[in-house]
$ cat structure.cif   # mmCIF, C-alpha atoms
data_run
#
loop_
_atom_site.label_atom_id
_atom_site.label_comp_id
_atom_site.auth_asym_id
_atom_site.auth_seq_id
_atom_site.Cartn_x
_atom_site.Cartn_y
_atom_site.Cartn_z
CA TRP A 1106 -31.54 46.82 -160.73
CA PRO A 1107 -32.93 43.76 -162.55
CA LEU A 1108 -29.34 42.83 -163.36
CA VAL A 1109 -28.34 43.12 -159.69
CA ALA A 1110 -31.28 40.91 -158.67
CA ALA A 1111 -30.35 38.33 -161.32
CA VAL A 1112 -26.71 38.30 -160.17
CA ALA A 1113 -27.84 37.91 -156.53
CA ALA A 1114 -30.14 35.04 -157.51
CA ILE A 1115 -27.36 33.26 -159.36
CA ALA A 1116 -24.82 33.94 -156.60
CA GLY A 1117 -27.25 32.50 -154.04
CA MET A 1118 -26.86 29.07 -155.59
CA GLY A 1119 -23.16 28.87 -154.79
CA LEU A 1120 -23.00 30.48 -151.35
CA ASN A 1121 -22.69 28.64 -148.05
CA ASP A 1122 -25.31 28.98 -145.29
CA TYR A 1123 -23.42 31.73 -143.46
CA ALA A 1124 -23.06 33.86 -146.59
CA LEU A 1125 -26.74 33.33 -147.44
CA THR A 1126 -27.77 34.41 -143.95
CA VAL A 1127 -25.60 37.52 -144.17
CA GLY A 1128 -26.98 38.23 -147.64
CA ALA A 1129 -30.57 37.92 -146.41
CA THR A 1130 -29.80 40.27 -143.51
CA ILE A 1131 -28.29 42.78 -145.93
CA LEU A 1132 -31.41 42.59 -148.10
CA ILE A 1133 -33.67 43.15 -145.07
CA TYR A 1134 -31.67 46.25 -144.16
CA ALA A 1135 -31.80 47.37 -147.80
CA ILE A 1136 -35.60 47.15 -147.66
CA LEU A 1137 -35.55 49.30 -144.53
CA GLY A 1138 -33.18 51.70 -146.30
CA LEU A 1139 -35.63 52.05 -149.18
CA GLY A 1140 -38.35 52.92 -146.67
CA ILE A 1141 -36.31 55.52 -144.86
CA ASN A 1142 -35.28 56.98 -148.22
CA ILE A 1143 -38.94 57.80 -148.82
CA VAL A 1144 -39.29 59.54 -145.46
CA VAL A 1145 -35.95 61.35 -145.38
CA GLY A 1146 -35.05 61.54 -149.05
CA TYR A 1147 -38.37 62.45 -150.64
CA ALA A 1148 -40.35 64.01 -147.81
CA GLY A 1149 -37.31 65.59 -146.16
CA LEU A 1150 -38.35 64.56 -142.66
CA LEU A 1151 -35.57 63.53 -140.28
CA ASP A 1152 -37.07 60.43 -138.65
CA LEU A 1153 -34.72 58.93 -136.08
CA GLY A 1154 -37.31 56.45 -134.82
CA PHE A 1155 -37.87 54.64 -138.10
CA ALA A 1156 -36.82 51.28 -136.63
CA ALA A 1157 -39.73 51.50 -134.17
CA PHE A 1158 -42.19 50.89 -137.00
CA TYR A 1159 -40.14 47.88 -138.10
CA ALA A 1160 -40.34 46.53 -134.53
CA ILE A 1161 -44.07 47.20 -134.29
CA GLY A 1162 -44.75 45.37 -137.53
CA ALA A 1163 -42.43 42.47 -136.72
CA TYR A 1164 -43.79 41.91 -133.23
CA THR A 1165 -47.39 42.25 -134.44
CA SER A 1166 -46.79 39.57 -137.06
CA ALA A 1167 -44.93 37.25 -134.70
CA LEU A 1168 -47.49 37.59 -131.90
CA LEU A 1169 -50.40 36.90 -134.26
CA VAL A 1170 -48.65 33.75 -135.48
CA LEU A 1171 -47.66 32.56 -131.99
CA LYS A 1172 -50.67 33.54 -129.89
CA LEU A 1173 -53.56 33.35 -132.36
CA ASP A 1174 -52.24 30.74 -134.82
CA TRP A 1175 -52.62 33.03 -137.82
CA ASN A 1176 -51.04 32.21 -141.15
CA PHE A 1177 -47.92 34.35 -141.66
CA TRP A 1178 -49.19 35.79 -144.94
CA LEU A 1179 -52.38 37.00 -143.21
CA THR A 1180 -50.33 38.75 -140.53
CA VAL A 1181 -48.40 40.86 -143.04
CA PRO A 1182 -51.27 43.22 -143.99
CA THR A 1183 -52.34 43.39 -140.34
CA ALA A 1184 -48.80 44.30 -139.27
CA LEU A 1185 -48.69 46.97 -141.98
CA VAL A 1186 -51.93 48.47 -140.71
CA VAL A 1187 -50.77 48.41 -137.07
CA ALA A 1188 -47.45 50.05 -137.98
CA ALA A 1189 -49.27 52.64 -140.10
CA LEU A 1190 -51.70 53.39 -137.26
CA SER A 1191 -48.80 53.87 -134.88
CA GLY A 1192 -47.32 56.25 -137.45
CA ILE A 1193 -50.57 58.19 -137.46
CA VAL A 1194 -50.61 58.26 -133.65
CA ILE A 1195 -47.12 59.76 -133.53
CA GLY A 1196 -47.50 61.78 -136.72
CA TYR A 1197 -50.71 63.66 -136.01
CA PRO A 1198 -49.49 65.60 -132.95
CA THR A 1199 -46.08 66.21 -134.52
CA LEU A 1200 -47.37 67.18 -137.95
CA ARG A 1201 -46.01 70.71 -137.82
CA LEU A 1202 -42.66 69.92 -136.28
CA ARG A 1203 -39.60 70.21 -138.47
CA SER A 1204 -35.87 69.79 -138.21
CA ASP A 1205 -34.43 69.10 -134.76
CA TYR A 1206 -37.82 69.00 -133.04
CA LEU A 1207 -39.13 66.23 -135.28
CA ALA A 1208 -35.87 64.31 -134.89
CA ILE A 1209 -36.12 64.49 -131.09
CA VAL A 1210 -39.75 63.36 -131.02
CA THR A 1211 -39.13 60.44 -133.38
CA LEU A 1212 -35.99 59.45 -131.47
CA GLY A 1213 -38.04 59.46 -128.26
CA PHE A 1214 -40.76 57.37 -129.92
CA GLY A 1215 -38.17 54.85 -131.05
CA GLU A 1216 -36.75 54.61 -127.55
CA ILE A 1217 -40.21 54.20 -126.02
CA ILE A 1218 -40.92 51.29 -128.36
CA ARG A 1219 -37.52 49.70 -127.68
CA ILE A 1220 -37.90 49.96 -123.91
CA THR A 1221 -41.49 48.72 -124.07
CA VAL A 1222 -40.51 45.67 -126.13
CA ILE A 1223 -37.65 44.85 -123.77
CA ASN A 1224 -39.84 45.11 -120.66
CA LEU A 1225 -43.01 43.35 -121.78
CA GLU A 1226 -43.39 39.67 -121.02
CA VAL A 1227 -45.56 39.07 -124.10
CA THR A 1228 -42.70 40.14 -126.38
CA GLY A 1229 -40.23 37.80 -124.71
CA GLY A 1230 -38.41 40.62 -122.96
CA PRO A 1231 -34.76 41.10 -123.87
CA ASN A 1232 -34.58 37.57 -125.34
CA GLY A 1233 -37.30 38.20 -127.91
CA LEU A 1234 -39.77 35.66 -129.21
CA THR A 1235 -38.82 32.06 -129.87
CA ALA A 1236 -40.39 29.03 -131.53
CA ILE A 1237 -41.91 31.06 -134.35
CA PRO A 1238 -43.06 28.55 -136.96
CA PRO A 1239 -41.52 28.74 -140.43
CA VAL A 1240 -43.15 30.69 -143.23
CA ARG A 1241 -45.00 28.51 -145.74
CA LEU A 1242 -44.89 29.46 -149.39
CA PHE A 1243 -46.61 27.37 -152.07
CA GLY A 1244 -46.92 24.48 -149.62
CA ARG A 1245 -43.23 24.53 -148.71
CA ASP A 1246 -41.71 25.57 -145.39
CA ILE A 1247 -39.03 28.24 -145.70
CA VAL A 1248 -36.46 26.74 -143.34
CA THR A 1249 -33.09 26.67 -145.09
CA PRO A 1250 -30.89 29.75 -145.41
CA GLN A 1251 -31.12 29.44 -149.20
CA ASP A 1252 -34.94 29.42 -149.13
CA PHE A 1253 -34.94 32.42 -146.80
CA PHE A 1254 -32.43 34.29 -148.97
CA TYR A 1255 -34.57 33.84 -152.07
CA LEU A 1256 -37.75 34.87 -150.21
CA VAL A 1257 -36.09 38.06 -148.95
CA LEU A 1258 -34.58 38.70 -152.40
CA ALA A 1259 -38.04 38.45 -153.97
CA LEU A 1260 -39.48 40.82 -151.37
CA PHE A 1261 -36.58 43.23 -151.95
CA VAL A 1262 -37.26 43.27 -155.70
CA ILE A 1263 -40.95 43.96 -155.05
CA VAL A 1264 -40.18 46.80 -152.62
CA LEU A 1265 -37.58 48.21 -155.01
CA ALA A 1266 -40.11 48.20 -157.85
CA VAL A 1267 -42.78 49.88 -155.71
CA THR A 1268 -40.41 52.57 -154.43
CA GLY A 1269 -39.16 53.13 -157.97
CA TRP A 1270 -42.73 53.58 -159.13
CA LEU A 1271 -43.47 55.87 -156.17
CA ALA A 1272 -40.46 58.03 -157.03
CA ARG A 1273 -42.06 58.84 -160.39
CA THR A 1274 -45.48 59.81 -159.01
CA ARG A 1275 -46.88 63.27 -158.41
CA LEU A 1276 -46.90 62.56 -154.69
CA ALA A 1277 -43.13 62.06 -154.60
CA TYR A 1278 -42.70 65.18 -156.72
CA ALA A 1279 -44.80 67.15 -154.20
CA TRP A 1280 -42.72 65.76 -151.32
CA ARG A 1281 -39.50 66.85 -153.01
#

$ encode --input "structure.cif" --output "structure tokens"
Amino acid sequence: WPLVAAVAAIAGMGLNDYALTVGATILIYAILGLGINIVVGYAGLLDLGFAAFYAIGAYTSALLVLKLDWNFWLTVPTALVVAALSGIVIGYPTLRLRSDYLAIVTLGFGEIIRITVINLEVTGGPNGLTAIPPVRLFGRDIVTPQDFFYLVLALFVIVLAVTGWLARTRLAYAWR
């Protein structure tokens, strides 16, 4: 995987804005895929509402930046905690469910979150949130597609390394 990351980094220098945006979107979905691989692949739990936690974290981060003027990098751990707490809220009562029952509950949870986000005014309704300020990294605003691509690529490499490490732990062995 270090070779793939190096090739992506080099390729990012020669791509146009559209290709960089598509590449960044692919990397975001790859990060989500790594997360669902832990839940479904290692733990063997069929979670059909996985995207709900992505939405909870994303909206938490965006709302903290927009409404409370937080720095983006401070919102990330907070969004992680809020998404994890929502996982505990849904996970505790469904702890003993397996197979189709767990899939139905998580699908329902995902739909509840989707419908809630679409119908709340604070989340921007079906249009979502706008005017989110750019992320600042080392005193520089991440505003160009190339900057965003490299930020997401760096985050992907970090997540890939962490999930690779997790796969070799006793916890992952117990899940399998």

$ atom_distance --input "structure.cif" --atom1 "CA of Pro1198 (chain A)" --atom2 "CA of Gly1213 (chain A)"
13.8 Å

$ resolve_selection --input "structure.cif" --expression "the PyMOL selection byres ((chain A and resi 1176-1192) around 12)" --output "PyMOL selection string"
chain A and resi 1144+1152+1154-1175+1193-1200+1211+1214-1215+1218+1237-1243+1246-1247

$ resolve_selection --input "structure.cif" --expression "the PyMOL selection byres ((chain A and resi 1280) around 8)" --output "ChimeraX atom specification"
/A:1147-1149,1276-1279,1281

$ atom_distance --input "structure.cif" --atom1 "CA of Tyr1255 (chain A)" --atom2 "CA of Ala1124 (chain A)"
12.7 Å

$ atom_distance --input "structure.cif" --atom1 "CA of Ile1131 (chain A)" --atom2 "CA of Val1227 (chain A)"
28.1 Å

$ resolve_selection --input "structure.cif" --expression "the PyMOL selection byres ((chain A and resi 1125) around 10)" --output "compact mmCIF listing (two decimals) with C-alpha atoms, keeping the file's coordinate frame"
# COMPACT_ATOMS: atom_id res chain seq x y z
CA ALA A 1116 -24.82 33.94 -156.60
CA GLY A 1117 -27.25 32.50 -154.04
CA MET A 1118 -26.86 29.07 -155.59
CA GLY A 1119 -23.16 28.87 -154.79
CA LEU A 1120 -23.00 30.48 -151.35
CA ASN A 1121 -22.69 28.64 -148.05
CA ASP A 1122 -25.31 28.98 -145.29
CA TYR A 1123 -23.42 31.73 -143.46
CA ALA A 1124 -23.06 33.86 -146.59
CA THR A 1126 -27.77 34.41 -143.95
CA VAL A 1127 -25.60 37.52 -144.17
CA GLY A 1128 -26.98 38.23 -147.64
CA ALA A 1129 -30.57 37.92 -146.41
CA THR A 1130 -29.80 40.27 -143.51
CA ILE A 1131 -28.29 42.78 -145.93
CA THR A 1249 -33.09 26.67 -145.09
CA PRO A 1250 -30.89 29.75 -145.41
CA GLN A 1251 -31.12 29.44 -149.20
CA ASP A 1252 -34.94 29.42 -149.13
CA PHE A 1253 -34.94 32.42 -146.80
CA PHE A 1254 -32.43 34.29 -148.97
CA TYR A 1255 -34.57 33.84 -152.07

$ closest_residue --input "structure.cif" --among "A:Leu1150, A:Val1109, A:Ile1143, A:Val1257" --to "Leu1202 (chain A)" --atoms "all atoms listed in the file"
A:Leu1150

$ closest_residue --input "structure.cif" --among "A:Arg1201, A:Leu1132, A:Ala1208, A:Asn1142" --to "Ala1110 (chain A)" --atoms "all atoms listed in the file"
A:Leu1132

$ residues_around --input "structure.cif" --residues "Phe1261 (chain A)" --least-positions-apart "2" --cutoff "8 Å" --atoms "all atoms listed in the file" --output "PyMOL selection string"
chain A and resi 1132-1133+1135-1136+1257-1259+1263-1265
